[in-house]
Amino acid sequence: MFASIFKKVALAGGMAVATMGTAAYAEYPEKPITMVIPFGAGGSHDLNARVITSVIPTYLNQAMIVRLTPGAGGQKGTQEVANAPADGYTLLFTHNYVDMLQQYVENVPYDPLTDFIPIARVNYAPMGVVVRADSPFETFEDLIAAAEAEPGSIDLSHSGNWGAFFVPAAQIMQARGVQFNLVPYQGGGPALQALLSGDSDVTMGFPSTLSGQIEAGDIRILATAGAERMFDDVPTFAEVGVEGDIGFMHRVLVAPAGTPDEVVATLTDAFAQLIEDQTFTRMMGRLNETIELLDGPTYQVMREEQAVAYKTLVDELTGQ
């Protein structure tokens, strides 16, 4: 009899735990969510994340906290999230170059395609080649001419080896047959500061990080990525002889693999509401940023295509 009673109690207890577990996920999130950014302060990811995290609590009923974790070209923060519990409370806000390209140039301690699942591609941004307003380079062709005259004499600050600025810079050099001295910094913000302080001659950047300096007249944009001109008097990469899908950053939020479907659904729904929020769209407009959401499964297809394309690119740039 006692055994029978014990079994009934154990069964009831097990059902209660199962019910509590289901309820816990149904109520996600129950505490603040950490958004890890594997780059330094002041870059485009940092600025975009500040806008996202200021508005999305409305749709999650919890705060989302930014944690900057720069280092090793984005690997430090990425590994931190790869090792985090798959419970939806530690997410990674990364981009396509770190997400899919870095595996081909570094011995990364994680598999990006199997250790992470995408939640959303929030937007994408074309980058521009910029110099200080007092630079002797009035046009992109002036820059190329100087690089041709003295190979390696022009310092180009970028956000880290094989990162968002390094790869397009290498592609530009390859396309135009010139050589810049590529100087790495821990993120786009520090790379821009290097330009402004005179430590570099040229850098690359996105609308969100350049808008303030453009309005202040501190910098000059020589060329931008994209099929169409972003500024009436600034040529596109294609117009200056740099053809192909060059100079785009896809900003993507990913979670550790194994994150419960219920959690992923909650985050996906919150981001779908976020991009319709008038405050969010207004703030992103001030950054001159696009808003183009892709859900996780849709972006996963793109990730897999990127993996193939980047392997080919790295082989070409390294002569393998």
# chains A, B, ... in the order shown; residues from 1 in each chain; ligands from 1
>>> select_by_dssp(residues="region 47-267 of chain A", states="strand (DSSP E)", output="short mmCIF file (atom, residue, chain, number, x, y, z; two decimals) with C-alpha atoms, in the first residue's frame")
data_model
loop_
_atom_site.label_atom_id
_atom_site.label_comp_id
_atom_site.auth_asym_id
_atom_site.auth_seq_id
_atom_site.Cartn_x
_atom_site.Cartn_y
_atom_site.Cartn_z
CA MET A 64 17.37 43.90 -22.32
CA ILE A 65 20.85 44.87 -21.17
CA VAL A 66 23.79 45.54 -23.49
CA ARG A 67 27.14 44.01 -22.54
CA LEU A 68 30.14 44.95 -24.67
CA THR A 90 22.13 35.48 -23.02
CA LEU A 91 21.97 36.46 -26.69
CA LEU A 92 24.59 37.58 -29.22
CA PHE A 93 24.20 40.63 -31.43
CA THR A 94 26.73 40.00 -34.19
CA HIS A 95 27.20 40.46 -37.91
CA PHE A 116 23.91 29.11 -32.67
CA ILE A 117 20.43 29.65 -34.04
CA PRO A 118 19.38 33.00 -35.52
CA ILE A 119 16.52 34.88 -33.90
CA ALA A 120 16.31 37.78 -36.34
CA ARG A 121 18.25 39.77 -38.91
CA VAL A 122 17.28 43.25 -37.75
CA ASN A 123 18.71 45.26 -40.63
CA TYR A 124 21.59 45.62 -43.04
CA ALA A 125 23.80 48.58 -43.75
CA PRO A 126 26.02 49.65 -46.64
CA GLY A 128 31.32 54.05 -46.89
CA VAL A 129 35.00 54.95 -47.29
CA VAL A 130 35.70 58.11 -45.30
CA VAL A 131 38.51 60.58 -44.65
CA ARG A 132 38.79 63.67 -42.46
CA ASP A 155 46.94 53.88 -43.00
CA LEU A 156 43.40 52.50 -43.06
CA SER A 157 41.95 51.93 -39.57
CA HIS A 158 39.44 49.09 -39.36
CA ASN A 181 48.38 49.63 -44.50
CA LEU A 182 45.46 48.00 -42.66
CA VAL A 183 45.54 48.86 -38.94
CA PRO A 184 43.18 46.91 -36.63
CA VAL A 202 41.14 56.67 -44.01
CA THR A 203 38.57 54.33 -42.51
CA MET A 204 35.20 52.84 -43.29
CA GLY A 205 31.91 53.31 -41.50
CA ILE A 219 34.59 63.90 -42.36
CA ARG A 220 34.26 63.43 -46.10
CA ILE A 221 32.75 60.30 -47.69
CA LEU A 222 34.53 59.18 -50.85
CA ALA A 223 32.39 56.21 -51.94
CA THR A 224 29.65 53.94 -50.60
CA PHE A 248 27.34 45.21 -46.52
CA MET A 249 26.81 44.34 -42.87
CA HIS A 250 23.88 42.20 -41.75
CA ARG A 251 23.11 42.76 -38.06
CA VAL A 252 21.77 39.57 -36.56
CA LEU A 253 20.65 38.40 -33.13
CA VAL A 254 21.49 34.76 -32.38
CA ALA A 255 20.98 32.45 -29.41
CA PRO A 256 22.82 29.34 -28.24
#
>>> select_by_dssp(residues="region 88-146 of chain A", states="alpha helix (DSSP H)", output="list in words")
Asn96, Pro112, Leu113, Thr114, Asp115, Phe140, Glu141, Asp142, Leu143, Ile144, Ala145 and Ala146 of chain A
>>> write_last_selection(atoms="N, CA, C and O atoms", output="compact mmCIF listing (two decimals), in the first residue's frame")
# COMPACT_ATOMS: atom_id res chain seq x y z
N ASN A 96 27.48 39.43 -40.07
CA ASN A 96 27.78 38.34 -40.98
C ASN A 96 29.26 37.98 -41.08
O ASN A 96 29.60 36.82 -41.25
N PRO A 112 29.78 27.94 -35.83
CA PRO A 112 28.72 28.94 -35.92
C PRO A 112 27.40 28.39 -36.44
O PRO A 112 26.33 28.87 -36.05
N LEU A 113 27.46 27.40 -37.32
CA LEU A 113 26.22 26.88 -37.90
C LEU A 113 25.49 25.90 -36.98
O LEU A 113 24.28 25.72 -37.11
N THR A 114 26.22 25.29 -36.06
CA THR A 114 25.57 24.30 -35.18
C THR A 114 25.45 24.77 -33.73
O THR A 114 24.63 24.25 -32.99
N ASP A 115 26.28 25.74 -33.33
CA ASP A 115 26.26 26.19 -31.94
C ASP A 115 25.34 27.39 -31.71
O ASP A 115 25.13 27.80 -30.56
N PHE A 140 37.61 59.60 -54.24
CA PHE A 140 38.10 58.24 -54.13
C PHE A 140 39.31 58.03 -55.05
O PHE A 140 40.27 57.34 -54.68
N GLU A 141 39.27 58.60 -56.23
CA GLU A 141 40.38 58.45 -57.16
C GLU A 141 41.65 59.11 -56.64
O GLU A 141 42.76 58.65 -56.93
N ASP A 142 41.50 60.19 -55.86
CA ASP A 142 42.68 60.80 -55.21
C ASP A 142 43.33 59.80 -54.26
O ASP A 142 44.57 59.68 -54.21
N LEU A 143 42.51 59.10 -53.51
CA LEU A 143 43.01 58.10 -52.56
C LEU A 143 43.74 56.98 -53.30
O LEU A 143 44.83 56.56 -52.90
N ILE A 144 43.14 56.49 -54.36
CA ILE A 144 43.74 55.40 -55.13
C ILE A 144 45.05 55.85 -55.76
O ILE A 144 46.05 55.11 -55.77
N ALA A 145 45.08 57.07 -56.28
CA ALA A 145 46.30 57.58 -56.90
C ALA A 145 47.45 57.65 -55.89
O ALA A 145 48.60 57.31 -56.21
N ALA A 146 47.14 58.08 -54.67
CA ALA A 146 48.17 58.16 -53.63
C ALA A 146 48.66 56.77 -53.24
O ALA A 146 49.86 56.57 -53.01
>>> atom_distance(atom1="CA of Asn61 (chain A)", atom2="CA of Phe39 (chain A)")
26.8 Å
>>> closest_residue(among="A:Leu101, A:Ala175, A:Leu192, A:Ala238", to="Leu313 (chain A)", atoms="only C-alpha atoms")
A:Leu101
>>> closest_residue(among="A:Asn83, A:Thr58, A:Thr209, A:Gln171", to="Gly187 (chain A)", atoms="only C-alpha atoms")
A:Thr209
>>> closest_residue(among="A:Val81, A:Ala272, A:Gln62, A:Ile246", to="Ile172 (chain A)", atoms="only C-alpha atoms")
A:Ile246
>>> atom_distance(atom1="CA of Asn107 (chain A)", atom2="CA of Trp162 (chain A)")
13.0 Å
>>> residues_around(residues="Tyr97 (chain A)", least_positions_apart="5", cutoff="7 Å", atoms="only C-alpha atoms", output="list in words")
Gln102, Gly163 and Ala164 of chain A
>>> write_last_selection(atoms="all heavy atoms", output="CSV table (one decimal), in the first residue's frame")
chain,number,residue,atom,x,y,z
A,102,GLN,N,34.5,34.3,-40.2
A,102,GLN,CA,35.7,34.2,-39.3
A,102,GLN,C,36.2,32.7,-39.1
A,102,GLN,O,37.3,32.4,-38.9
A,102,GLN,CB,35.4,34.8,-37.9
A,102,GLN,CG,36.7,35.1,-37.2
A,102,GLN,CD,36.4,36.0,-36.0
A,102,GLN,OE1,35.7,35.6,-35.1
A,102,GLN,NE2,37.0,37.2,-35.9
A,163,GLY,N,37.2,41.4,-40.2
A,163,GLY,CA,36.0,42.0,-39.8
A,163,GLY,C,35.2,42.8,-40.8
A,163,GLY,O,35.6,42.7,-42.0
A,164,ALA,N,34.2,43.6,-40.4
A,164,ALA,CA,33.3,44.3,-41.3
A,164,ALA,C,34.0,45.3,-42.2
A,164,ALA,O,33.5,45.5,-43.3
A,164,ALA,CB,32.2,44.9,-40.5
>>> atom_distance(atom1="CA of Leu47 (chain A)", atom2="CA of Met284 (chain A)")
9.5 Å
>>> residues_around(residues="Gln273 (chain A)", least_positions_apart="5", cutoff="9 Å", atoms="only C-alpha atoms", output="number ranges by chain")
A: 56, 59, 268
